Structures are given as C-alpha cells and as structure tokens.
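Q: What follows is a structure written as structure tokens; I'll ask about it next.
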Amino acid sequence: MQTFSAPFAGDFKRRAALIAVLAAAGLIAAGCGGNTDGPRPVQDDHGHEHGHAHDHGAEEAKTGRITVYGIRHWLYIEHPFVLAKHPSPFTTHVTDLKTSEPRREGPITLRLHGDSGEPLEVLAKAPTRPGIYIPDLLFPNPGTWRVSVLIPSEDGAEEIPLPDITVFSSDQEIAKAPEVEEPSGTSFLLEQQWKIPFKTEPVRKEEGAILIPESAVVPKEGQSIAYVQVSGETFAERQLRIARREDGKVWVETGLYEGDRVVTRGADAIVLAPLEEHAHGEEDAVEMDPKIREAIGLTSELAIEGALQVTLDLYGWVRPRPQDRVDIHSPIPGVVRKVHKWPGERVESGDPLLTLDVPEWLQWQRDVLHVYHERERVTDLKTYAEGEGRAAVAKLLGEIRVAAAEADKLRRETELLAEAGAGAVSRREIETKRGELSVAEATLEAKRLQALSWGFSEDDLKAFVAGLALSESARKVLPPEVSTSIRQSEFDLEEAVHHSLFSEANLLAWGFLKESLERLRKGDTTAIETVLVLKSPRSGVLMDVDVTEQEAITDEQRLLQLVDYSKVHVEVEVSESEIKAVVNRKADAFPVHVPGLGDQILEGRFVYFDTSIHPDVRKAHLVIELDNPDGKLLRDGMAVTVAVPLERRSGVLHVPKKAVLSDGFEKVVFVDEGEHFHRTVVRTGLETLARTEVLSGLSPGDKVVVEGNRALLLAVSAPKEGAADHGHSH
C-alpha cells in the first residue's frame with residue numbers, strides 16, 4: 001500500500017463544492033480554465049467582474065491532504081487541521097483501481113482508533129457527488145488517532161488504513177502548528193482524471209533498469225518525460241534517459257526510482273492541462289442559469305422571525321441499552337459443531353446461532369422416554385402383582401375358613417366325648433380329641449393373625465368365617481410383599497417423572513419443539529434430536545462469537561453476545577458548572593445531531609441523570625434514549641451532540657444553520673433574488689442544532705440559500721486570470 005500525506009494551507013471545502021458539481025454535470029472542461037457556462041461573478045455597472053482569489057496564506061484554515069492506495073481502491077482525502085470535540089469535514093475521494101472510475105454508489109465507513117476503548121465509526125451512506133464523500137468526523141480527545149476507511153464491494157470489504165491523524169486541543173495549538181506546503185508539480189484534478197482513461201502504477205525494476213509501459217512516456221519540447229504522482233492531484237514531471245524500448249515496454253536508466261507511482265494512461269492530458277494564474281478580486285453576487293441551479297441542487301428557505309429555543313449543546317456517545325445486551329452461555333459442556341452467524345451479522349428471533357454436540361442434551365431426551373417405558377413397566381407389574389396378591393389372599397381366607405370349620409368340628413366331638421363319660425369312652429380317646437382340637441385352634445389362630453397382619457379386621461374375618469361377603473376395604477387387601485413391590489415401582493415411576501420434568505424444562509429452554517417433546521412422551525424415538533441448536537432469543541446484531549468450530553465448551557461458558565439496536569442510549573457528560581442548567585431544563589425531549597447521519601436531527605427522551613459526580617472525570621452522566629433509524633444506523637461509540645432545552649426566546653430572527661458560512665474572515669449568507677445570489681455579511685447570536693440567530697444583515701422574509709451555498713461561496717471567490725496558485729474544487 002502506498003501513502004502520500006502532507007498538511008497544506010487552504011480552505012479546501014470552499015474550493016471543493018463548485019467544480020465537483022459542475023464537473024459531474026459535464027459543465028466544465030478538463031483543467032480550471034474550462035467552460036464558463038456555470039456560476040459566474042455578476043458584472044458591475046462598469047462591466048468589471050468582481051472576483052475573490054484563493055489566498056493560501058496564514059489567514060485560511062490549515063489543511064491536510066492524504067493519498068493512500070489499497071488493493072481495490074485508492075483514496076485522496078482533504079481535511080482541515082482537526083480540533084478535538086469539533087466536527088471536521090473529511091472530503092474523501094474514492095477511485096476504483098479496477099475501472100479507474102469514481103465510486104458512484106454505496107457506503108463507506110471511517111473508523112477512528114484512539115489510545116483506548118472501542119473504535120468510533122462514522123458511516124457515509126452514499127457519495128455526495130460521484131467519487132466524493134464528505135463525512136464529518138468528531139474526535140472526542142486530542143492526541144494521535146489512527147483512522148481507517150472500510151469500503152464494501154462485490155469482491156468483499158476492504159479496510160484501508162490512513163496515516164496517523166493529529167488531533168489538537170485548541171485553536172492556539174493549530175495556529176502554532178507548522179504548515180507544510182504541498183509537493184510542487186502539475187495539478188491535475190480528480191474530476192479531470194475521472195473524465196478520461198487515466199491510470200497510475202508503481203514502477204518496477206528489471207535488468208538493472210526501471211521498467212514502465214510505453215504509454216507512460218510522453219514527448220515534451222524534444223524530451224521524453226513521465227509524470228510521477230507525488231500527491232493525489234499533483235504530478236511531478238521527470239525527464240527520462242531511456243535505455244531501450246521493446247514490445248510496448250521502456251527501460252529507463254535515470255529519472256525514475258523504485259517506489260515511484262507513474263501515470264501510465266492519460267499522461268498526455270497532464271501535458272495539456274492549463275497552467276493558469278488567477279488574480280485576486282472581490283465579488284458580492286453570483287448569477288446562475290436555472291439549469292445549473294438544478295444540477296447542483298440549490299435550495300433556499302426564508303429567514304423567520306419567531307420563537308427560538310435556547311439550548312445547552314453537550315457531546316455524548318451512543319451506547320446499547322443495558323436490557324438489550326444479551327450474553328448467551330453454554331447450558332452444559334459439549335463441543336461446537338457449527339457456527340451459523342458471525343460478529344456484525346443481524347439475526348432475527350429464532351435464527352440458529354450454534355450447533356453443539358452435547359451429551360446431556362441426549363440424556364434429557366432419554367429421561368422423557370424413560371418415563372414412558374417406566375409407566376408401562378409399573379402398569380404391567382401392578383397388574384401381575386395384584387393378581388398374585390389376590391390369589392394369595394383367597395388362599396389364606398380359604399385356609400382360615402377350613403381351619404375354622406375343622407376347629408368347630410373337633411370342638412363338638414370333644415364335647416360329645418366328654419358328655420358320654422368314662423364308661424362310654426376311654427380317657428385316652430378324650431385326651432387325643434382334645435389334642436386335635438388344640439392343634440386346629442392353633443392353626444386357625446395362626447391363619448387369623450396372618451390375615452390381620454395383611455390388613456383384615458376382626459369383623460371382616462368373623463363375617464367371612466360366618467359365610468358373609470367381605471367389605472369394600474377387605475376386598476382391597478393384598479399381601480405385604482405385594483403391596484411393598486407395587487409401592488416401590490410407583491416410587492420409581494414418580495422419581496422418573498420428576499427427572500423428566502426437569503429434563504423437559506431444559507429441553508424447552510434450549511429450543512426443543514413442543515411437538516417433538518409430545519412425541520417423546522408417547523415413546524416415539526424418531527423425535528430424538530442428536531444435536532443442540534442454540535437459537536437467537538431475540539432480534540439484534542451479533543457482537544461477539546467467543547468460540548470456534550470443534551472447540552470444547554464448559555458449563556456456563558459465554559458463547560456469544562447479542563445486542564438489540566432498535567433503541568439505544570446516549571450517555572452525555574455534564575460538567576459541574578452545567579448541572580444546574582440540565583436539572584432546570586424546560587423539557588425532557590432532546591434534539592440530537594449525529595454527524596455520521598448528516599443533517600438529520602433525532603429526538604431523544606430523558607431516561608435518568610446521575611445524582612453523583614464521577615470522581616475520575618468530575619462529571620455526571622445524563623442518559624437519554626433514541627429510536628435507532630432503520631434499527632441499525634446508530635452504533636455503539638458513535639459521537640453525537642445533544643441539545644438540552646433551556647429558555648425559549650421570542651421575536652428572534654433565525655435561519656437554518658446550514659445557511660451561514662464562514663469565508664475565513666466573516667460569516668456570510670447568500671440571499672436568493674431569483675437569478676442572482678448576493679453574498680451578505682451577517683452577525684449571528686445563539687445557535688441551536690438546526691437554527692442560527694441573525695442579529696444583523698437580514699430581514700424577516702429574506703430568502704437564504706441552504707443547499708448549494710458552498711458552491712456560491714466558491715463562485716464569488718473564483719480565481720481570475722493572472723493570480724497564482726489556484727486550487728481545485730469539489
């Protein structure tokens with residue numbers, strides 16, 4: 001990558017507006033001395049034109065130029081010396097190296113890297129003119145900043161780093177900063193380069209000599225010369241000593257050096273570029289053809305006398321709302337199989353983020369299936385056990401009835417023998433019968449006690465022995481071992497159900513479908529999912545992905561961070577001296593200007609104001625909330641200006657803020673008088689984000705130019721023949 005960078009004196013924005021728009025409209029020829037059908041100074045009564053030449057002296061703003069070559073694009077950037085906390089326009093020319101044409105559509109993003117913290121980003125959504133972006137950059141702190149330009153294209157995004165930018169803390173520092181004159185050479189504007197086949201290439205060395213294409217060599221006054229680019233629009237003339245020419249190639253012995261970037265197409269146009277000198281003059285008005293007015297998008301608005309809200313303008317930074325920042329952690333250990341989304345991508349609720357191999361994911365599903373099978377097992381067990389138990393009960397009751405009948409029989413026989421007396425039966429026979437009765441009664445008692453231990457009552461047994469039907473409770477009696485077995489199986493089922501409920505909750509929490517869960521409950525093994533797909537819990541922008549594919553993850557490890565940017569917070573630092581004004585504000589609605597969004601003014605809503613001072617910076621924080629345009633334009637760290645509403649003044653003459661320009665000495669507006677636009681010096685008072693009070697120079701109802709006024713300022717300052725050191729415009 002090749003870079004040229006040099007500060008230079010000159011108000012490039014004043015010189016920038018007109019020629020760019022006229023060149024884009026095809027209304028000027030190559031060089032500064034072209035077609036004069038564009039804006040022109042109005043002649044006075046004596047037929048003399050009033051012009052204002054470009055003075056590159058110390059009165060004008062000090063400015064830097066940067067030329068940087070990337071892989072697909074090259075940049076030429078002009079910017080004033082940068083003052084911290086003040087927006088600075090960075091006029092950025094973007095040329096496609098593949099086509100040598102200006103970038104006509106699409107955004108670019110400028111990233112500002114300070115000593116600490118996340119980089120600030122400024123989005124320029126589209127070129128203001130083909131090839132030209134004019135974003136305002138706001139650097140919050142003085143010092144050295146690294147800036148890069150991100151340019152998306154069909155080949156992928158290219159990020160081109162710029163040389164370090166020095167940000168000054170005060171106007172006094174800028175005044176003391178040395179100026180570096182731009183490199184000397186022939187000026188050939190980018191507007192001219194874009195109109196013709198034009199290309200530069202770095203030279204290379206071959207066979208001990210510099211090798212360049214034949215097209216890079218042009219004749220001039222009998223000499224062979226080439227043009228070396230020393231800055232974006234300045235080309236140094238080099239006289240060449242040529243060793244040989246062959247097949248469209250030229251070997252150069254002297255005049256060029258390795259690393260030089262030489263013009264290989266369009267060099268002859270530089271030879272013919274006019275080297276005009278321009279004179280200084282003064283001009284108060286510009287007349288413009290209606291077609292030119294339309295081409296440059298010139299618009300006007302009325303100066304209004306009415307109420308104007310006085311505001312305290314404070315700087316702040318965009319931050320995500322705390323409730324909109326979501327960290328997604330690993331539910332359980334596993335391995336990352338696939339990453340579906342990467343940082344910077346927008347995701348919608350339910351979009352897949354990661355696919356994980358998680359053993360416990362399968363175990364949770366197994367727990368659900370286990371309940372189904374356990375319930376079937378318990379049902380079968382109860383059916384069998386109850387059948388066996390009923391049989392055992394029936395047997396026992398039968399034995400009791402038999403034992404009772406036997407005991408009654410023996411009891412009667414014993415009584416009969418006893419009544420017959422010793423003369424009828426022997427004593428021994430009576431004792432034998434009594435022994436048999438004792439055994440029968442003992443057997444009956446044992447059976448009775450066993451029945452009681454199983455749960456029968458005395459009444460149930462007496463009724464049964466008497467031949468009556470058993471009670472409802474008696475019919476439910478089972479042997480203890482059977483009841484114990486059934487209770488154990490029911491306990492096992494209950495435990496499995498508890499495990500299943502826990503597992504079901506985990507499955508549903510991590511995106512398992514209710515329909516699939518219902519199928520698992522019914523024992524459908526085809527519903528098993530072998531991997532866990534983590535899905536986005538809400539819409540937003542993916543900020544961080546902390547894992548890679550095939551990486552093992554641990555329990556509770558953070559995997560991703562998601563931020564919803566549909567609404568954002570703005571943190572505003574309020575110094576101790578400004579706290580009273582903020583507390584006594586007149587409203588909780590705050591106009592907010594975001595330099596990265598151009599002139600658009602957003603409306604913020606009060607959230608809270610610190611009740612304490614941050615000891616490190618001695619400031620309090622005012623936090624407001626914004627709706628994010630398109631849900632994505634405001635990003636974390638973007639700089640904004642917040643207008644805190646104070647008093648409301650009536651009877652104030654005011655105009656759009658954009659209508660007031662500075663020519664380096666005075667504040668001026670252009671009054672629209674139809675075909676003429678008069679440069680009018682004004683004295684201004686208070687300013688809001690969108691309006692400026694005019695204390696003198698205008699009257700209510702005056703029509704002032706709002707868009708295109710920079711082109712008019714350039715027109716009244718147009719160089720005249722005879723003045724040296726002319727510039728170019730955008």
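The chains in the structure tokens are called A, B, ... from first to last as shown; in each chain the residues are counted from 1, and the ligands are counted from 1 in the order shown.
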If you count only C-alpha atoms, which residues fall within 8 Å of range 410-421 of chain A, apart from same-chain ones fewer than 4 positions away, as number ranges by chain?

A: A: 406, 425, 430, 433-434, 436-437, 440

Q: Report the residues of range 469-576 of chain A whose backbone DSSP state falls under helix (DSSP H, G or I), written as a ChimeraX atom specification.

A: /A:472-475,480-509,514-521,525-527,576

Q: So that I can check the surroundings of range 599-604 of chain A, please list as a ChimeraX atom specification every protein, DNA and RNA residue that reaches within 12 Å of it, counting only C-alpha atoms and ignoring chain neighbours fewer than 3 positions away.

A: /A:124,135-136,318,567-572,587-596,607,622-629,633-634,640-645,656-658,688-691,706-707

Q: As a ChimeraX atom specification, please: every residue in range 137-269 of chain A that DSSP puts in strand (DSSP E or B).

A: /A:137,143-151,158-161,165-168,186-187,199-202,204-206,209-213,218-220,223-231,234-239,241-246,249-254,261-265

Q: Near range 254-265 of chain A, within 7 Å and counting only C-alpha atoms, which residues show up once chain neighbours fewer than 6 positions away are dropped, as a list in words?

A: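 My reading of the contact set: Pro197, Phe198, Lys199, Thr200, Glu201, Pro202, Val203, Arg204, Lys205, Ile210, Pro213, Ser215, Ala216, Ala226, Tyr227, Val228, Gln229, Arg238, Gln239, Leu240 and Arg241 of chain A.
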
Q: Residues within 12 Å of Ser457 in chain A, please, as a list in words. Count only C-alpha atoms; anything in the same chain fewer than 5 positions from it doesn't count.

A: Arg448, Leu449, Gln450, Ala451, Leu452, Lys462, Ala463, Phe464, Leu470, Ser471, Glu472, Ser473, Ala474, Arg475 and Val477 of chain A

Q: Got a sec: who's within 6 Å of range 350-364 of chain A, counting only C-alpha atoms, leaving out chain neighbours fewer than 5 positions off, as a ChimeraX atom specification?

A: /A:334-341,503,531-536

Q: Please provide as a list in words all residues within 8 Å of His373 in chain A, with the sequence filter that same-chain residues fewer than 4 positions apart are discarded (counting only C-alpha atoms).

A: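 Surrounding residues, per the criterion: Leu369, Arg377 and Gly523 of chain A.
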
Q: Quick one: of A:Arg366, A:Arg618, A:Arg648, A:Arg428, who's nearest to Gln309 in chain A, counting only C-alpha atoms?

A: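 Of A:Arg366, A:Arg618, A:Arg648, A:Arg428, the one nearest Gln309 in chain A is A:Arg648, counting only C-alpha atoms.
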
Q: Can you measure CA of Thr443 in chain A to CA of Lys395 in chain A for me? One decimal in Å is fine.

A: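 Straight-line distance from CA of Thr443 in chain A to CA of Lys395 in chain A works out to 14.4 Å.
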
Q: Would you compute the distance between CA of Val368 in chain A and CA of Phe491 in chain A? Give it in Å to one decimal.

A: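 Answer for the CA of Val368 in chain A to CA of Phe491 in chain A separation: 16.5 Å.
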
Q: Tell me, in Å to one decimal, how far CA of Ser231 in chain A is from CA of Pro102 in chain A.

A: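 Interatomic distance, CA of Ser231 in chain A to CA of Pro102 in chain A: 17.2 Å.
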